[in-house]
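Before any comments, here is the structure.
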Amino acid sequence: MQQSLVEVWWVVLLCLNSADKAILVSYWRELRTLCQKPVQETGFDAPLHSLEQHCIKTSQKTVFDIINKFNIPYRKCGATLVAWTEEENKKLPDLRQQSLEADIHDVNLMSLTDLHKSEPYLRKEAVGALNIPGECVIDSYLLGLSYAHQARMLGSKICTSCEVSEMSQGTLITSLGPIHCKVTINCAGLYGDIVDQLAGIDTFRIYPRKGQYCVFGKNASPLLNSIIFPVPTEKSKGIALFNSVYNNVMMGPTAQDSSELSRPASDPKVHWMLTQKAQWLIPDLATFLPVGHYVGVRPATQFKDYQIRTYPHKRWITVGGIRSTGVSGSLGIAQYVCERLQSDIGLEPERGATNHLLDMAWSFGEDKTSVTLNGYHYPILHPMVLYGQDSMTSKL
């Protein structure tokens, strides 16, 4: 694997039988989560009956048990989906009906009175809204890192700075030497199609989609109570406004097609647009200045759904096209892959309940740029967490 989709791959490792040795091969020097969106979603607006929605809903059943066991910071603040035009407002009943068909029953239309009671600083021109109480903000970086560290504690091996150049008869040829595999799981994210081609598989293309965020200081957090979503479009869920789990007000992500596989630089024009949009939604934000910005890239494909496929004759599983819902669907994706391991490839995974997981203790370093898990030191690579450790405020 050239690039690890940590939220997916490490849960797969947790589910492997202890008789099997799981190895993560990553091109990068450190474990990365590619700035995954710091929101745990319910899947209410995922394509109906899609694999993506199935995985998110499956994950919802157990993810909070694991989050609580690992003591991952999260806040169940709920979300408010706001319509600003009559055309958008007409879509709200359909979105609610879609959530009901997905067996998500707590999504409800809001009166404008209730909307402005729950979000008193929100712009007054809204014409309708949906309440989605199950959505929450989370430290997605620490969750992915905890999955990885848990797998390491259970005997899995992590090979970083390791580039895969060839796949030959069940053996990965890498820059650190050959690795003989019972099964290979391609969770290479933005490089998913390239890694598939090493095994002679060519079923999708990765089209990088850039997502930029604008970050305000923590002193602006009282202006916002829930995640503010726009009405989604065919291409994207749209740009959200929310308080991070560390109480930075954030606007993002955008959804801009890109040709860059590595993380691109922030665009000053997009940063200005995000600043203006946030201040339009919450007029009182006009008295605050952003304290920063960052960019992530997600692996979109020509398909709207996840691309999880098994190739039994190659003993290969592809986990591709996991866009911004990788955190939300992680446990469901892992369970689905485990089922494919058993039914399609004949490996018997252990269905690890949360009581099989080892206790972990973590703490941020004094320098606020690292985190320690059970004596292992990891650099903090997610900008959301770094901004969360910073005491910068924003005020004109």
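Ligands are numbered from 1 in the order shown, residues from 1 within each chain, and chains are lettered A, B, ... in the order they appear in the structure tokens.
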
Excluding A:Leu95 and any residue of its chain fewer than 6 positions from it, enumerate the residues within 12 Å of it, using only C-alpha atoms, and give them as a PDB file with C-alpha atoms, in the first residue's frame.
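Writing done, so here's selection37.pdb:
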ATOM      1  CA  GLY A  43     -25.316   8.651   6.864  1.00  0.00           C
ATOM      2  CA  PHE A  44     -28.744  10.293   6.663  1.00  0.00           C
ATOM      3  CA  ASP A  45     -27.909  11.877   3.308  1.00  0.00           C
ATOM      4  CA  ALA A  46     -25.658   9.170   1.845  1.00  0.00           C
ATOM      5  CA  PRO A  47     -26.966   7.600  -1.384  1.00  0.00           C
ATOM      6  CA  LEU A  48     -29.888   5.369  -0.411  1.00  0.00           C
ATOM      7  CA  LEU A  81     -29.255  21.498   7.579  1.00  0.00           C
ATOM      8  CA  VAL A  82     -30.418  24.940   6.461  1.00  0.00           C
ATOM      9  CA  ALA A  83     -32.275  25.931   3.287  1.00  0.00           C
ATOM     10  CA  GLU A  88     -33.667  24.314  -1.453  1.00  0.00           C
ATOM     11  CA  ASN A  89     -36.558  24.231   1.003  1.00  0.00           C
ATOM     12  CA  GLU A 101     -36.090   4.863   4.275  1.00  0.00           C
ATOM     13  CA  ALA A 102     -32.549   4.404   5.572  1.00  0.00           C
ATOM     14  CA  ILE A 104     -32.736   6.837  10.520  1.00  0.00           C
ATOM     15  CA  HIS A 105     -35.785   8.149  12.356  1.00  0.00           C
ATOM     16  CA  VAL A 107     -34.180  13.581  11.348  1.00  0.00           C
ATOM     17  CA  ASN A 108     -36.981  16.138  11.544  1.00  0.00           C
ATOM     18  CA  LEU A 109     -38.131  19.373   9.938  1.00  0.00           C
ATOM     19  CA  ALA A 129     -34.205  23.541   8.212  1.00  0.00           C
ATOM     20  CA  LEU A 130     -33.722  19.914   9.209  1.00  0.00           C
ATOM     21  CA  ASN A 131     -32.457  18.798  12.612  1.00  0.00           C
ATOM     22  CA  ILE A 132     -30.050  15.819  12.622  1.00  0.00           C
ATOM     23  CA  VAL A 231     -28.635  21.484   1.306  1.00  0.00           C
ATOM     24  CA  PRO A 232     -26.431  18.913  -0.508  1.00  0.00           C
ATOM     25  CA  THR A 233     -25.859  18.887  -4.254  1.00  0.00           C
TER      26      THR A 233
END

Exercise for review: Just the residues within 8 Å of stretch 383-393 of chain A, please, counting only C-alpha atoms, with nothing from its chain fewer than 2 positions along; format it as a list in words.
Suggested key: Cys35, Pro38, Asp139, Tyr141, Phe216, Gly217, Lys218, Asn219, Ser244, Tyr246, Asn247, Asn248, Val291, Tyr294, Lys368, Thr369, Ile380, Leu381 and Lys395 of chain A

**Study point:** Within 10 Å of stretch 162-167 of chain A using only C-alpha atoms, minus same-chain residues under 4 positions, as a ChimeraX atom specification
**Key:** /A:1-3,24-29,158,171-180,184,195-200,314

Dump as a Markdown table the rows for residues of stretch 39-95 of chain A within 10 Å of stretch 335-343 of chain A: closest atom pair and distance in Å with one decimal, only C-alpha atoms counted, ordered by chain and rising residue number.
| residue | atom | partner | partner_atom | distance |
| --- | --- | --- | --- | --- |
| A:Leu51 | CA | A:Tyr336 | CA | 9.3 |
| A:His54 | CA | A:Tyr336 | CA | 9.3 |
| A:Cys55 | CA | A:Tyr336 | CA | 7.5 |
| A:Thr58 | CA | A:Gln335 | CA | 8.3 |
| A:Ser59 | CA | A:Gln335 | CA | 8.6 |

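Residues of stretch 177-224 of chain A that DSSP, applied to the backbone, places in alpha helix (DSSP H): A:Gly192, A:Asp193, A:Ile194, A:Val195, A:Asp196, A:Gln197, A:Leu198.
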
Study note, to complete from the structure: In terms of only C-alpha atoms, the residue from A:Ser118, A:Ser226, A:Gly375, A:Phe64 at minimal distance from A:Cys77 is A:Ser226

**Study point:** Close residues, A:Ile282 itself excluded, 12 Å, only C-alpha atoms, min 2 positions apart in chain, as JSON, numbers by chain
**Key:** {"A": [116, 119, 120, 121, 122, 123, 124, 125, 126, 220, 221, 222, 223, 224, 225, 228, 241, 242, 249, 250, 251, 275, 276, 277, 278, 279, 280, 284, 285, 286, 287, 288]}

**Study point:** Closest of A:Ala240, A:Met360, A:Ala188, A:Ile23 to A:Thr372 - atom-to-atom distances counting only C-alpha atoms
**Key:** A:Met360

Point to revise | Separation of atom CA of A:Ser266 from atom CA of A:Gly252, in Å and rounded to one decimal | key: 12.3 Å

Taking the DSSP secondary structure from the backbone, can you list the residues of stretch 157-238 of chain A that are strand (DSSP E or B), as a tab-separated table (two decimals) with C-alpha atoms, in the first residue's frame?
chain	number	residue	atom	x	y	z
A	157	LYS	CA	3.74	-4.65	12.18
A	158	ILE	CA	4.00	-1.17	10.69
A	159	CYS	CA	6.43	-0.62	7.81
A	164	VAL	CA	5.54	-1.16	-3.22
A	165	SER	CA	6.82	-1.57	-6.76
A	166	GLU	CA	5.45	-4.94	-7.85
A	167	MET	CA	3.02	-7.71	-6.97
A	168	SER	CA	4.03	-11.22	-8.01
A	171	THR	CA	4.43	-11.46	-2.85
A	172	LEU	CA	4.76	-7.70	-2.57
A	173	ILE	CA	8.07	-6.42	-3.87
A	174	THR	CA	8.93	-3.40	-1.73
A	177	GLY	CA	12.34	-6.36	0.67
A	178	PRO	CA	9.70	-8.91	-0.34
A	179	ILE	CA	6.59	-9.47	1.78
A	180	HIS	CA	4.73	-12.77	1.35
A	184	THR	CA	-3.36	-8.15	0.24
A	185	ILE	CA	-5.79	-5.36	1.13
A	186	ASN	CA	-5.30	-2.23	-0.96
A	207	TYR	CA	-9.87	11.88	-9.19
A	208	PRO	CA	-8.36	13.87	-6.30
A	209	ARG	CA	-10.81	16.27	-4.71
A	210	LYS	CA	-9.32	19.10	-2.71
A	211	GLY	CA	-11.03	20.14	0.51
A	212	GLN	CA	-9.93	23.42	2.11
A	213	TYR	CA	-10.83	24.65	5.60
A	214	CYS	CA	-10.83	28.08	7.21
A	215	VAL	CA	-10.14	28.12	10.97
A	216	PHE	CA	-11.22	30.74	13.52
A	227	ILE	CA	-22.89	21.72	12.68
A	228	ILE	CA	-24.47	23.95	10.01
A	229	PHE	CA	-24.88	22.07	6.71
A	230	PRO	CA	-26.19	23.47	3.43
